[in-house]
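Structure record follows, encoded as structure tokens.
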Protein chains: 2
Amino acid sequence: MSNRLTSQRTAIVEALRNAPGPLRPCEILDLASARAPTLGIATVYRQLKRMLEAGNVCTVELGRQDVRYELTDRGHPAHHPHFVCRNCGDAFDVPRSPDGIADLAPPGFALEDHELTLYGRCSDCIKANDPDAG
Amino acid sequence: MSNRLTSQRTAIVEALRNAPGPLRPCEILDLASARAPTLGIATVYRQLKRMLEAGNVCTVELGRQDVRYELTDRGHPAHHPHFVCRNCGDAFDVPRSPDGIADLAPPGFALEDHELTLYGRCSDCIKANDPDAG
DNA sequence: CCTCAATTGAGAAACGAGTATCATTAGTAT
DNA sequence: ATACTAATGATACTCGTTTCTCAATTGAGG
């Protein structure tokens, strides 16, 4: 009854699966619209909410009003770093975090989790030397 | 002519100086109101904007609709990590980042900067075992 | 002290992410 | 194939953050 296999859901999952890193809801809408042309933003949010509750996706908060989503089953540890290109804005997965993070918490503080974001330029933007390549 | 030394500006700077980490605009308003009782939120935003342009403060983006500000001259490297308490929500400075971050960028990518945020419980919340100590 | 422009405070307005509404569409079980 | 109900799409709405407006205030220099 719940979680029917709709073409919209498939399109959203495929968009996330084919991405090099976490996507914004509006990016998901753009990418998934190729497979599901009638897709609307409300459905993107609804599916993401369901997938979050089911544990199929997780959120990556990269800044003010910049929450992105990625599939949890991507072969990376739960809270791996991300690289954000300052030129095109795309986010890319980075496989693992450096050692020593556990030692950084101040004395008496309990570390539960961490988020590491790298900023710079992705290889495509560097190659193109283009102020708007992706 | 520009950047007059007003009591409001002084109160805002003092609030930032006495904080253990970056503050939200509304937190700055609360803290600085002790020194400048008539202070309004618009003035907080205006002063932060001026201080940003002057390079006196920098932003720390900790998530969706959670931008905090801290003085740049605090004895820490420019982009040191922060510890965010999941219980009280306060943010604390962490002196330095672990080694090896420069090696994490994917091949062909140019690393310019990074942001590392630790999540857990601050010592006050742990001591109090209180669901809302700060 | 006086002048003048920068600054302020209160509230309105803009803004953007996310949610709710509701008639319509379309999976799924039988 | 049919019926039932979850899911969808368009859009209005919510809600917190940030900016704008404008009259009143207040530093700073003369």
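Going through the structure tokens in order, the chains are called A, B, and so on, while each chain numbers its residues from 1 and the ligands are numbered from 1 in the order shown.
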Superposed chain B (on chain A, all in-order C-alpha pairs) as an mmCIF file with N, CA and C atoms, in the first residue's frame:
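Written out: part_26.cif:
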```cif
data_model
loop_
_atom_site.group_PDB
_atom_site.id
_atom_site.type_symbol
_atom_site.label_atom_id
_atom_site.label_comp_id
_atom_site.auth_asym_id
_atom_site.auth_seq_id
_atom_site.Cartn_x
_atom_site.Cartn_y
_atom_site.Cartn_z
ATOM 1 N N MET B 1 0.822 -1.176 0.296
ATOM 2 C CA MET B 1 0.018 0.043 0.223
ATOM 3 C C MET B 1 0.920 1.271 0.188
ATOM 4 N N SER B 2 1.800 1.377 1.189
ATOM 5 C CA SER B 2 2.626 2.584 1.218
ATOM 6 C C SER B 2 3.889 2.366 0.391
ATOM 7 N N ASN B 3 4.494 3.488 -0.010
ATOM 8 C CA ASN B 3 5.698 3.461 -0.837
ATOM 9 C C ASN B 3 5.498 2.704 -2.143
ATOM 10 N N ARG B 4 4.551 3.165 -2.910
ATOM 11 C CA ARG B 4 4.338 2.575 -4.234
ATOM 12 C C ARG B 4 5.498 2.900 -5.144
ATOM 13 N N LEU B 5 5.732 1.995 -6.092
ATOM 14 C CA LEU B 5 6.834 2.210 -7.019
ATOM 15 C C LEU B 5 6.342 3.056 -8.194
ATOM 16 N N THR B 6 6.449 4.341 -8.058
ATOM 17 C CA THR B 6 6.000 5.232 -9.131
ATOM 18 C C THR B 6 7.176 5.606 -10.027
ATOM 19 N N SER B 7 6.857 6.046 -11.229
ATOM 20 C CA SER B 7 7.923 6.442 -12.162
ATOM 21 C C SER B 7 8.684 7.644 -11.605
ATOM 22 N N GLN B 8 7.966 8.490 -10.868
ATOM 23 C CA GLN B 8 8.625 9.672 -10.300
ATOM 24 C C GLN B 8 9.670 9.270 -9.270
ATOM 25 N N ARG B 9 9.273 8.304 -8.411
ATOM 26 C CA ARG B 9 10.231 7.858 -7.392
ATOM 27 C C ARG B 9 11.465 7.254 -8.036
ATOM 28 N N THR B 10 11.255 6.422 -9.046
ATOM 29 C CA THR B 10 12.382 5.814 -9.749
ATOM 30 C C THR B 10 13.301 6.873 -10.341
ATOM 31 N N ALA B 11 12.701 7.881 -10.941
ATOM 32 C CA ALA B 11 13.504 8.933 -11.567
ATOM 33 C C ALA B 11 14.340 9.668 -10.532
ATOM 34 N N ILE B 12 13.758 9.905 -9.356
ATOM 35 C CA ILE B 12 14.474 10.612 -8.299
ATOM 36 C C ILE B 12 15.645 9.772 -7.799
ATOM 37 N N VAL B 13 15.391 8.478 -7.570
ATOM 38 C CA VAL B 13 16.461 7.597 -7.094
ATOM 39 C C VAL B 13 17.586 7.518 -8.115
ATOM 40 N N GLU B 14 17.234 7.430 -9.383
ATOM 41 C CA GLU B 14 18.270 7.340 -10.418
ATOM 42 C C GLU B 14 19.107 8.620 -10.477
ATOM 43 N N ALA B 15 18.439 9.759 -10.338
ATOM 44 C CA ALA B 15 19.177 11.028 -10.337
ATOM 45 C C ALA B 15 20.205 11.038 -9.217
ATOM 46 N N LEU B 16 19.781 10.591 -8.022
ATOM 47 C CA LEU B 16 20.699 10.559 -6.885
ATOM 48 C C LEU B 16 21.822 9.551 -7.120
ATOM 49 N N ARG B 17 21.455 8.411 -7.726
ATOM 50 C CA ARG B 17 22.451 7.365 -7.916
ATOM 51 C C ARG B 17 23.523 7.795 -8.909
ATOM 52 N N ASN B 18 23.150 8.554 -9.919
ATOM 53 C CA ASN B 18 24.103 8.930 -10.964
ATOM 54 C C ASN B 18 24.901 10.191 -10.639
ATOM 55 N N ALA B 19 24.580 10.833 -9.538
ATOM 56 C CA ALA B 19 25.255 12.085 -9.211
ATOM 57 C C ALA B 19 26.600 11.807 -8.538
ATOM 58 N N PRO B 20 27.581 12.696 -8.725
ATOM 59 C CA PRO B 20 28.892 12.529 -8.092
ATOM 60 C C PRO B 20 28.906 12.949 -6.630
ATOM 61 N N GLY B 21 27.794 13.456 -6.155
ATOM 62 C CA GLY B 21 27.717 13.907 -4.766
ATOM 63 C C GLY B 21 26.298 14.303 -4.453
ATOM 64 N N PRO B 22 26.093 14.922 -3.300
ATOM 65 C CA PRO B 22 24.734 15.276 -2.884
ATOM 66 C C PRO B 22 24.104 16.332 -3.794
ATOM 67 N N LEU B 23 22.782 16.258 -3.939
ATOM 68 C CA LEU B 23 22.035 17.156 -4.828
ATOM 69 C C LEU B 23 21.030 17.981 -4.049
ATOM 70 N N ARG B 24 20.769 19.188 -4.538
ATOM 71 C CA ARG B 24 19.699 20.005 -3.987
ATOM 72 C C ARG B 24 18.369 19.526 -4.567
ATOM 73 N N PRO B 25 17.270 19.798 -3.844
ATOM 74 C CA PRO B 25 15.961 19.422 -4.372
ATOM 75 C C PRO B 25 15.722 19.949 -5.792
ATOM 76 N N CYS B 26 16.118 21.179 -6.056
ATOM 77 C CA CYS B 26 15.874 21.724 -7.392
ATOM 78 C C CYS B 26 16.757 21.041 -8.433
ATOM 79 N N GLU B 27 17.953 20.604 -8.027
ATOM 80 C CA GLU B 27 18.809 19.863 -8.955
ATOM 81 C C GLU B 27 18.215 18.497 -9.243
ATOM 82 N N ILE B 28 17.650 17.874 -8.209
ATOM 83 C CA ILE B 28 16.993 16.587 -8.396
ATOM 84 C C ILE B 28 15.835 16.751 -9.367
ATOM 85 N N LEU B 29 15.070 17.813 -9.196
ATOM 86 C CA LEU B 29 13.951 18.071 -10.109
ATOM 87 C C LEU B 29 14.444 18.166 -11.547
ATOM 88 N N ASP B 30 15.504 18.936 -11.767
ATOM 89 C CA ASP B 30 16.025 19.105 -13.123
ATOM 90 C C ASP B 30 16.463 17.769 -13.712
ATOM 91 N N LEU B 31 17.277 17.033 -12.947
ATOM 92 C CA LEU B 31 17.854 15.795 -13.468
ATOM 93 C C LEU B 31 16.789 14.726 -13.667
ATOM 94 N N ALA B 32 15.874 14.601 -12.716
ATOM 95 C CA ALA B 32 14.878 13.537 -12.789
ATOM 96 C C ALA B 32 13.788 13.848 -13.808
ATOM 97 N N SER B 33 13.677 15.093 -14.187
ATOM 98 C CA SER B 33 12.644 15.463 -15.158
ATOM 99 C C SER B 33 12.879 14.801 -16.516
ATOM 100 N N ALA B 34 14.127 14.419 -16.783
ATOM 101 C CA ALA B 34 14.406 13.737 -18.047
ATOM 102 C C ALA B 34 13.658 12.414 -18.121
ATOM 103 N N ARG B 35 13.578 11.706 -16.986
ATOM 104 C CA ARG B 35 12.893 10.419 -16.934
ATOM 105 C C ARG B 35 11.412 10.568 -16.649
ATOM 106 N N ALA B 36 11.061 11.567 -15.893
ATOM 107 C CA ALA B 36 9.666 11.765 -15.477
ATOM 108 C C ALA B 36 9.287 13.220 -15.773
ATOM 109 N N PRO B 37 8.892 13.493 -17.010
ATOM 110 C CA PRO B 37 8.719 14.887 -17.456
ATOM 111 C C PRO B 37 7.680 15.673 -16.660
ATOM 112 N N THR B 38 6.706 15.003 -16.062
ATOM 113 C CA THR B 38 5.668 15.754 -15.356
ATOM 114 C C THR B 38 6.033 16.024 -13.901
ATOM 115 N N LEU B 39 7.211 15.561 -13.506
ATOM 116 C CA LEU B 39 7.617 15.676 -12.102
ATOM 117 C C LEU B 39 7.516 17.116 -11.589
ATOM 118 N N GLY B 40 7.011 17.244 -10.370
ATOM 119 C CA GLY B 40 6.908 18.561 -9.731
ATOM 120 C C GLY B 40 7.769 18.629 -8.482
ATOM 121 N N ILE B 41 8.055 19.852 -8.047
ATOM 122 C CA ILE B 41 8.956 20.037 -6.903
ATOM 123 C C ILE B 41 8.354 19.470 -5.618
ATOM 124 N N ALA B 42 7.019 19.513 -5.508
ATOM 125 C CA ALA B 42 6.379 19.005 -4.292
ATOM 126 C C ALA B 42 6.641 17.507 -4.142
ATOM 127 N N THR B 43 6.612 16.802 -5.255
ATOM 128 C CA THR B 43 6.862 15.363 -5.206
ATOM 129 C C THR B 43 8.309 15.078 -4.828
ATOM 130 N N VAL B 44 9.223 15.900 -5.299
ATOM 131 C CA VAL B 44 10.621 15.725 -4.914
ATOM 132 C C VAL B 44 10.752 15.824 -3.396
ATOM 133 N N TYR B 45 10.168 16.858 -2.819
ATOM 134 C CA TYR B 45 10.242 17.031 -1.372
ATOM 135 C C TYR B 45 9.555 15.872 -0.646
ATOM 136 N N ARG B 46 8.410 15.450 -1.155
ATOM 137 C CA ARG B 46 7.687 14.353 -0.489
ATOM 138 C C ARG B 46 8.493 13.068 -0.524
ATOM 139 N N GLN B 47 9.085 12.748 -1.661
ATOM 140 C CA GLN B 47 9.864 11.521 -1.750
ATOM 141 C C GLN B 47 11.114 11.608 -0.876
ATOM 142 N N LEU B 48 11.745 12.765 -0.869
ATOM 143 C CA LEU B 48 12.931 12.918 -0.026
ATOM 144 C C LEU B 48 12.573 12.712 1.443
ATOM 145 N N LYS B 49 11.423 13.236 1.830
ATOM 146 C CA LYS B 49 11.008 13.068 3.222
ATOM 147 C C LYS B 49 10.786 11.594 3.553
ATOM 148 N N ARG B 50 10.138 10.893 2.632
ATOM 149 C CA ARG B 50 9.917 9.455 2.871
ATOM 150 C C ARG B 50 11.223 8.692 2.916
ATOM 151 N N MET B 51 12.112 9.023 1.986
ATOM 152 C CA MET B 51 13.391 8.318 1.948
ATOM 153 C C MET B 51 14.241 8.640 3.176
ATOM 154 N N LEU B 52 14.109 9.842 3.682
ATOM 155 C CA LEU B 52 14.818 10.203 4.906
ATOM 156 C C LEU B 52 14.325 9.346 6.059
ATOM 157 N N GLU B 53 12.989 9.268 6.184
ATOM 158 C CA GLU B 53 12.417 8.481 7.278
ATOM 159 C C GLU B 53 12.799 7.018 7.147
ATOM 160 N N ALA B 54 12.883 6.536 5.910
ATOM 161 C CA ALA B 54 13.247 5.137 5.688
ATOM 162 C C ALA B 54 14.753 4.916 5.802
ATOM 163 N N GLY B 55 15.526 6.021 5.852
ATOM 164 C CA GLY B 55 16.970 5.879 5.957
ATOM 165 C C GLY B 55 17.670 5.638 4.631
ATOM 166 N N ASN B 56 16.985 5.839 3.522
ATOM 167 C CA ASN B 56 17.591 5.603 2.212
ATOM 168 C C ASN B 56 18.451 6.779 1.755
ATOM 169 N N VAL B 57 18.154 7.975 2.236
ATOM 170 C CA VAL B 57 18.971 9.135 1.908
ATOM 171 C C VAL B 57 19.346 9.842 3.202
ATOM 172 N N CYS B 58 20.381 10.676 3.109
ATOM 173 C CA CYS B 58 20.743 11.520 4.238
ATOM 174 C C CYS B 58 20.965 12.933 3.740
ATOM 175 N N THR B 59 20.905 13.881 4.658
ATOM 176 C CA THR B 59 21.082 15.275 4.281
ATOM 177 C C THR B 59 22.527 15.696 4.489
ATOM 178 N N VAL B 60 22.955 16.606 3.649
ATOM 179 C CA VAL B 60 24.263 17.224 3.787
ATOM 180 C C VAL B 60 24.016 18.723 3.799
ATOM 181 N N GLU B 61 24.286 19.354 4.933
ATOM 182 C CA GLU B 61 24.013 20.781 5.054
ATOM 183 C C GLU B 61 25.277 21.553 4.777
ATOM 184 N N LEU B 62 25.279 22.241 3.647
ATOM 185 C CA LEU B 62 26.503 22.893 3.191
ATOM 186 C C LEU B 62 26.475 24.391 3.394
ATOM 187 N N GLY B 63 25.452 24.911 4.033
ATOM 188 C CA GLY B 63 25.422 26.350 4.272
ATOM 189 C C GLY B 63 24.008 26.851 4.338
ATOM 190 N N ARG B 64 23.917 28.133 4.427
ATOM 191 C CA ARG B 64 22.617 28.773 4.511
ATOM 192 C C ARG B 64 21.770 28.401 3.293
ATOM 193 N N GLN B 65 20.615 27.909 3.552
ATOM 194 C CA GLN B 65 19.695 27.520 2.482
ATOM 195 C C GLN B 65 20.387 26.673 1.422
ATOM 196 N N ASP B 66 21.144 25.708 1.859
ATOM 197 C CA ASP B 66 21.802 24.811 0.920
ATOM 198 C C ASP B 66 21.850 23.416 1.528
ATOM 199 N N VAL B 67 20.716 22.740 1.530
ATOM 200 C CA VAL B 67 20.641 21.376 2.021
ATOM 201 C C VAL B 67 20.610 20.446 0.819
ATOM 202 N N ARG B 68 21.486 19.471 0.806
ATOM 203 C CA ARG B 68 21.539 18.526 -0.314
ATOM 204 C C ARG B 68 21.297 17.125 0.219
ATOM 205 N N TYR B 69 20.947 16.242 -0.688
ATOM 206 C CA TYR B 69 20.582 14.874 -0.315
ATOM 207 C C TYR B 69 21.423 13.891 -1.103
ATOM 208 N N GLU B 70 21.797 12.795 -0.434
ATOM 209 C CA GLU B 70 22.468 11.728 -1.174
ATOM 210 C C GLU B 70 22.033 10.379 -0.625
ATOM 211 N N LEU B 71 22.141 9.360 -1.465
ATOM 212 C CA LEU B 71 21.781 8.013 -1.039
ATOM 213 C C LEU B 71 22.748 7.569 0.040
ATOM 214 N N THR B 72 22.216 6.881 1.037
ATOM 215 C CA THR B 72 23.095 6.422 2.117
ATOM 216 C C THR B 72 23.957 5.245 1.656
ATOM 217 N N ASP B 73 23.451 4.482 0.707
ATOM 218 C CA ASP B 73 24.157 3.291 0.249
ATOM 219 C C ASP B 73 25.021 3.639 -0.955
ATOM 220 N N ARG B 74 26.166 4.278 -0.700
ATOM 221 C CA ARG B 74 27.038 4.664 -1.803
ATOM 222 C C ARG B 74 28.456 4.169 -1.589
ATOM 223 N N GLY B 75 28.661 3.296 -0.614
ATOM 224 C CA GLY B 75 29.991 2.744 -0.409
ATOM 225 C C GLY B 75 30.922 3.637 0.389
ATOM 226 N N HIS B 76 30.401 4.737 0.911
ATOM 227 C CA HIS B 76 31.223 5.624 1.728
ATOM 228 C C HIS B 76 30.808 5.488 3.178
ATOM 229 N N PRO B 77 31.705 5.845 4.103
ATOM 230 C CA PRO B 77 31.273 5.892 5.503
ATOM 231 C C PRO B 77 30.177 6.939 5.667
ATOM 232 N N ALA B 78 29.450 6.799 6.749
ATOM 233 C CA ALA B 78 28.239 7.602 6.930
ATOM 234 C C ALA B 78 28.483 9.099 6.742
ATOM 235 N N HIS B 79 29.524 9.623 7.345
ATOM 236 C CA HIS B 79 29.730 11.074 7.282
ATOM 237 C C HIS B 79 31.047 11.419 6.640
ATOM 238 N N HIS B 80 31.196 11.013 5.417
ATOM 239 C CA HIS B 80 32.390 11.337 4.655
ATOM 240 C C HIS B 80 32.384 12.820 4.271
ATOM 241 N N PRO B 81 33.550 13.369 3.917
ATOM 242 C CA PRO B 81 33.616 14.786 3.527
ATOM 243 C C PRO B 81 33.019 15.020 2.140
ATOM 244 N N HIS B 82 32.833 16.291 1.816
ATOM 245 C CA HIS B 82 32.364 16.698 0.501
ATOM 246 C C HIS B 82 33.223 17.839 -0.007
ATOM 247 N N PHE B 83 33.377 17.855 -1.330
ATOM 248 C CA PHE B 83 34.109 18.949 -1.977
ATOM 249 C C PHE B 83 33.107 19.790 -2.734
ATOM 250 N N VAL B 84 33.078 21.083 -2.435
ATOM 251 C CA VAL B 84 32.149 21.988 -3.109
ATOM 252 C C VAL B 84 32.938 22.924 -4.005
ATOM 253 N N CYS B 85 32.601 22.913 -5.291
ATOM 254 C CA CYS B 85 33.285 23.791 -6.245
ATOM 255 C C CYS B 85 32.728 25.200 -6.130
ATOM 256 N N ARG B 86 33.615 26.159 -5.877
ATOM 257 C CA ARG B 86 33.162 27.543 -5.726
ATOM 258 C C ARG B 86 32.800 28.160 -7.065
ATOM 259 N N ASN B 87 33.180 27.483 -8.148
ATOM 260 C CA ASN B 87 32.860 28.036 -9.460
ATOM 261 C C ASN B 87 31.482 27.578 -9.931
ATOM 262 N N CYS B 88 31.265 26.261 -9.963
ATOM 263 C CA CYS B 88 29.998 25.759 -10.503
ATOM 264 C C CYS B 88 29.018 25.382 -9.402
ATOM 265 N N GLY B 89 29.472 25.287 -8.161
ATOM 266 C CA GLY B 89 28.566 24.999 -7.057
ATOM 267 C C GLY B 89 28.274 23.525 -6.850
ATOM 268 N N ASP B 90 28.775 22.658 -7.719
ATOM 269 C CA ASP B 90 28.508 21.225 -7.553
ATOM 270 C C ASP B 90 29.228 20.675 -6.322
ATOM 271 N N ALA B 91 28.629 19.630 -5.733
ATOM 272 C CA ALA B 91 29.229 18.956 -4.583
ATOM 273 C C ALA B 91 29.646 17.548 -4.991
ATOM 274 N N PHE B 92 30.812 17.110 -4.503
ATOM 275 C CA PHE B 92 31.347 15.796 -4.832
ATOM 276 C C PHE B 92 31.655 15.034 -3.548
ATOM 277 N N ASP B 93 31.463 13.718 -3.601
ATOM 278 C CA ASP B 93 31.832 12.890 -2.454
ATOM 279 C C ASP B 93 33.348 12.791 -2.326
ATOM 280 N N VAL B 94 33.808 12.719 -1.092
ATOM 281 C CA VAL B 94 35.207 12.433 -0.789
ATOM 282 C C VAL B 94 35.192 11.195 0.097
ATOM 283 N N PRO B 95 35.956 10.159 -0.260
ATOM 284 C CA PRO B 95 35.766 8.848 0.361
ATOM 285 C C PRO B 95 35.890 8.794 1.873
ATOM 286 N N ARG B 96 36.888 9.450 2.468
ATOM 287 C CA ARG B 96 37.100 9.236 3.897
ATOM 288 C C ARG B 96 37.606 10.504 4.575
ATOM 289 N N SER B 97 37.438 10.562 5.870
ATOM 290 C CA SER B 97 37.908 11.690 6.662
ATOM 291 C C SER B 97 39.328 11.425 7.153
ATOM 292 N N PRO B 98 40.084 12.469 7.439
ATOM 293 C CA PRO B 98 41.437 12.273 7.973
ATOM 294 C C PRO B 98 41.376 11.731 9.391
ATOM 295 N N ASP B 99 42.466 11.117 9.815
ATOM 296 C CA ASP B 99 42.531 10.627 11.185
ATOM 297 C C ASP B 99 42.667 11.797 12.157
ATOM 298 N N GLY B 100 42.358 11.516 13.411
ATOM 299 C CA GLY B 100 42.621 12.504 14.450
ATOM 300 C C GLY B 100 41.445 13.383 14.785
ATOM 301 N N ILE B 101 40.334 13.207 14.080
ATOM 302 C CA ILE B 101 39.179 14.065 14.362
ATOM 303 C C ILE B 101 38.622 13.806 15.760
ATOM 304 N N ALA B 102 38.676 12.545 16.173
ATOM 305 C CA ALA B 102 38.138 12.217 17.494
ATOM 306 C C ALA B 102 38.879 12.951 18.609
ATOM 307 N N ASP B 103 40.157 13.296 18.354
ATOM 308 C CA ASP B 103 40.953 13.958 19.393
ATOM 309 C C ASP B 103 40.696 15.456 19.482
ATOM 310 N N LEU B 104 39.938 16.002 18.537
ATOM 311 C CA LEU B 104 39.768 17.450 18.492
ATOM 312 C C LEU B 104 38.743 17.971 19.486
ATOM 313 N N ALA B 105 37.778 17.140 19.871
ATOM 314 C CA ALA B 105 36.730 17.615 20.765
ATOM 315 C C ALA B 105 37.354 18.139 22.054
ATOM 316 N N PRO B 106 36.865 19.261 22.568
ATOM 317 C CA PRO B 106 37.415 19.811 23.813
ATOM 318 C C PRO B 106 37.241 18.825 24.965
ATOM 319 N N PRO B 107 38.091 18.928 25.988
ATOM 320 C CA PRO B 107 38.004 18.008 27.128
ATOM 321 C C PRO B 107 36.628 18.063 27.769
ATOM 322 N N GLY B 108 36.065 16.918 28.046
ATOM 323 C CA GLY B 108 34.757 16.859 28.678
ATOM 324 C C GLY B 108 33.603 16.900 27.698
ATOM 325 N N PHE B 109 33.906 17.101 26.425
ATOM 326 C CA PHE B 109 32.867 17.108 25.401
ATOM 327 C C PHE B 109 32.767 15.712 24.786
ATOM 328 N N ALA B 110 31.553 15.321 24.381
ATOM 329 C CA ALA B 110 31.358 14.011 23.761
ATOM 330 C C ALA B 110 31.123 14.181 22.272
ATOM 331 N N LEU B 111 32.049 13.654 21.477
ATOM 332 C CA LEU B 111 31.934 13.760 20.025
ATOM 333 C C LEU B 111 31.038 12.646 19.485
ATOM 334 N N GLU B 112 30.042 13.023 18.721
ATOM 335 C CA GLU B 112 29.140 12.020 18.160
ATOM 336 C C GLU B 112 29.278 11.905 16.652
ATOM 337 N N ASP B 113 29.713 12.974 16.022
ATOM 338 C CA ASP B 113 29.596 13.044 14.578
ATOM 339 C C ASP B 113 30.442 14.205 14.076
ATOM 340 N N HIS B 114 30.648 14.265 12.779
ATOM 341 C CA HIS B 114 31.324 15.447 12.230
ATOM 342 C C HIS B 114 30.930 15.657 10.774
ATOM 343 N N GLU B 115 31.185 16.865 10.319
ATOM 344 C CA GLU B 115 30.890 17.233 8.929
ATOM 345 C C GLU B 115 32.087 18.017 8.412
ATOM 346 N N LEU B 116 32.702 17.513 7.350
ATOM 347 C CA LEU B 116 33.880 18.173 6.789
ATOM 348 C C LEU B 116 33.593 18.555 5.343
ATOM 349 N N THR B 117 33.707 19.835 5.041
ATOM 350 C CA THR B 117 33.440 20.319 3.688
ATOM 351 C C THR B 117 34.676 21.024 3.158
ATOM 352 N N LEU B 118 35.117 20.592 1.979
ATOM 353 C CA LEU B 118 36.263 21.225 1.319
ATOM 354 C C LEU B 118 35.741 22.192 0.264
ATOM 355 N N TYR B 119 36.398 23.322 0.120
ATOM 356 C CA TYR B 119 36.003 24.303 -0.888
ATOM 357 C C TYR B 119 37.162 24.539 -1.848
ATOM 358 N N GLY B 120 36.832 24.715 -3.116
ATOM 359 C CA GLY B 120 37.865 24.979 -4.117
ATOM 360 C C GLY B 120 37.273 24.957 -5.505
ATOM 361 N N ARG B 121 38.049 24.388 -6.463
ATOM 362 C CA ARG B 121 37.576 24.316 -7.847
ATOM 363 C C ARG B 121 37.666 22.873 -8.317
ATOM 364 N N CYS B 122 36.591 22.418 -8.950
ATOM 365 C CA CYS B 122 36.582 21.040 -9.454
ATOM 366 C C CYS B 122 37.418 20.954 -10.724
ATOM 367 N N SER B 123 37.764 19.735 -11.108
ATOM 368 C CA SER B 123 38.686 19.559 -12.235
ATOM 369 C C SER B 123 38.085 20.097 -13.541
ATOM 370 N N ASP B 124 36.790 19.945 -13.723
ATOM 371 C CA ASP B 124 36.180 20.455 -14.949
ATOM 372 C C ASP B 124 36.335 21.963 -15.061
ATOM 373 N N CYS B 125 36.101 22.648 -13.950
ATOM 374 C CA CYS B 125 36.214 24.108 -13.990
ATOM 375 C C CYS B 125 37.661 24.537 -14.189
ATOM 376 N N ILE B 126 38.593 23.769 -13.609
ATOM 377 C CA ILE B 126 40.004 24.104 -13.788
ATOM 378 C C ILE B 126 40.418 23.898 -15.242
ATOM 379 N N LYS B 127 40.041 22.743 -15.789
ATOM 380 C CA LYS B 127 40.393 22.438 -17.192
ATOM 381 C C LYS B 127 39.847 23.506 -18.118
ATOM 382 N N ALA B 128 38.583 23.843 -17.910
ATOM 383 C CA ALA B 128 37.946 24.800 -18.817
ATOM 384 C C ALA B 128 38.426 26.224 -18.552
ATOM 385 N N ASN B 129 38.991 26.423 -17.367
ATOM 386 C CA ASN B 129 39.326 27.777 -16.927
ATOM 387 C C ASN B 129 38.154 28.704 -17.219
ATOM 388 N N ASP B 130 37.001 28.156 -17.003
ATOM 389 C CA ASP B 130 35.739 28.769 -17.408
ATOM 390 C C ASP B 130 35.048 29.235 -16.135
ATOM 391 N N PRO B 131 34.596 30.477 -16.091
ATOM 392 C CA PRO B 131 33.895 30.931 -14.885
ATOM 393 C C PRO B 131 32.548 30.291 -14.681
ATOM 394 N N ASP B 132 32.168 29.342 -15.519
ATOM 395 C CA ASP B 132 30.907 28.662 -15.230
ATOM 396 C C ASP B 132 30.807 27.242 -15.756
ATOM 397 N N ALA B 133 31.916 26.548 -15.825
ATOM 398 C CA ALA B 133 31.848 25.146 -16.243
ATOM 399 C C ALA B 133 31.428 24.285 -15.063
ATOM 400 N N GLY B 134 30.899 23.142 -15.358
ATOM 401 C CA GLY B 134 30.468 22.287 -14.270
ATOM 402 C C GLY B 134 30.915 20.890 -14.465
#
```
With the cut-off set at 9 Å and counting only C-alpha atoms (C1' of nucleotides), tabulate each residue of chain D with an atom at most that distance from an atom of chain A, showing the nearest atom pair and its distance in Å to one decimal, ordered by chain and increasing number, as JSON lines.
```
{"residue": "D:DT5", "atom": "C1'", "partner": "A:Met1", "partner_atom": "CA", "distance": 8.1}
{"residue": "D:DA6", "atom": "C1'", "partner": "A:Ser2", "partner_atom": "CA", "distance": 6.6}
{"residue": "D:DA7", "atom": "C1'", "partner": "A:Arg4", "partner_atom": "CA", "distance": 7.8}
{"residue": "D:DT8", "atom": "C1'", "partner": "A:Thr43", "partner_atom": "CA", "distance": 6.8}
{"residue": "D:DG9", "atom": "C1'", "partner": "A:Gly40", "partner_atom": "CA", "distance": 5.9}
{"residue": "D:DA10", "atom": "C1'", "partner": "A:Gly40", "partner_atom": "CA", "distance": 8.3}
```
Write the residues of the preceding selection, restricted to C-alpha atoms (C1' of nucleotides), as a compact mmCIF listing (two decimals), in the first residue's frame.
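Writing the result to out_18.txt gives the following:
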```txt
# COMPACT_ATOMS: atom_id res chain seq x y z
C1' DT D 5 -6.38 4.41 -2.32
C1' DA D 6 -1.63 6.20 -2.45
C1' DA D 7 0.74 9.43 -5.10
C1' DT D 8 0.97 13.40 -7.94
C1' DG D 9 1.09 18.44 -9.66
C1' DA D 10 -0.06 23.23 -9.35
```
What are the closest atom pairs, with distances in Å to one decimal, for each residue of chain C lying within 12 Å of chain A, using only C-alpha atoms (C1' of nucleotides), rows by chain and rising residue number, as CSV?
```
residue,atom,partner,partner_atom,distance
C:DC15,C1',A:Gln65,CA,11.6
C:DG16,C1',A:Gln65,CA,8.0
C:DA17,C1',A:Gln65,CA,7.0
C:DG18,C1',A:Tyr45,CA,7.9
C:DT19,C1',A:Ala42,CA,8.7
C:DA20,C1',A:Ala42,CA,10.3
C:DT21,C1',A:Ala42,CA,11.9
C:DT25,C1',A:Thr6,CA,11.4
C:DA26,C1',A:Thr6,CA,8.6
C:DG27,C1',A:Arg4,CA,6.4
C:DT28,C1',A:Met1,CA,7.6
C:DA29,C1',A:Met1,CA,9.6
```
Q | Which of chain A fall in alpha helix (DSSP H), as an MDAnalysis selection string | A | chainID A and resid 7:18 25:32 41:54 123:128
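From C1' of DT8 (chain C) back to C1' of DC15 (chain D), the distance works out to 26.9 Å.
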Q: Extract the full set of strand (DSSP E) residues from chain B according to DSSP on the backbone, and format it as number ranges by chain.
A: B: 57-61, 67-71, 82-85, 91-93, 110-121
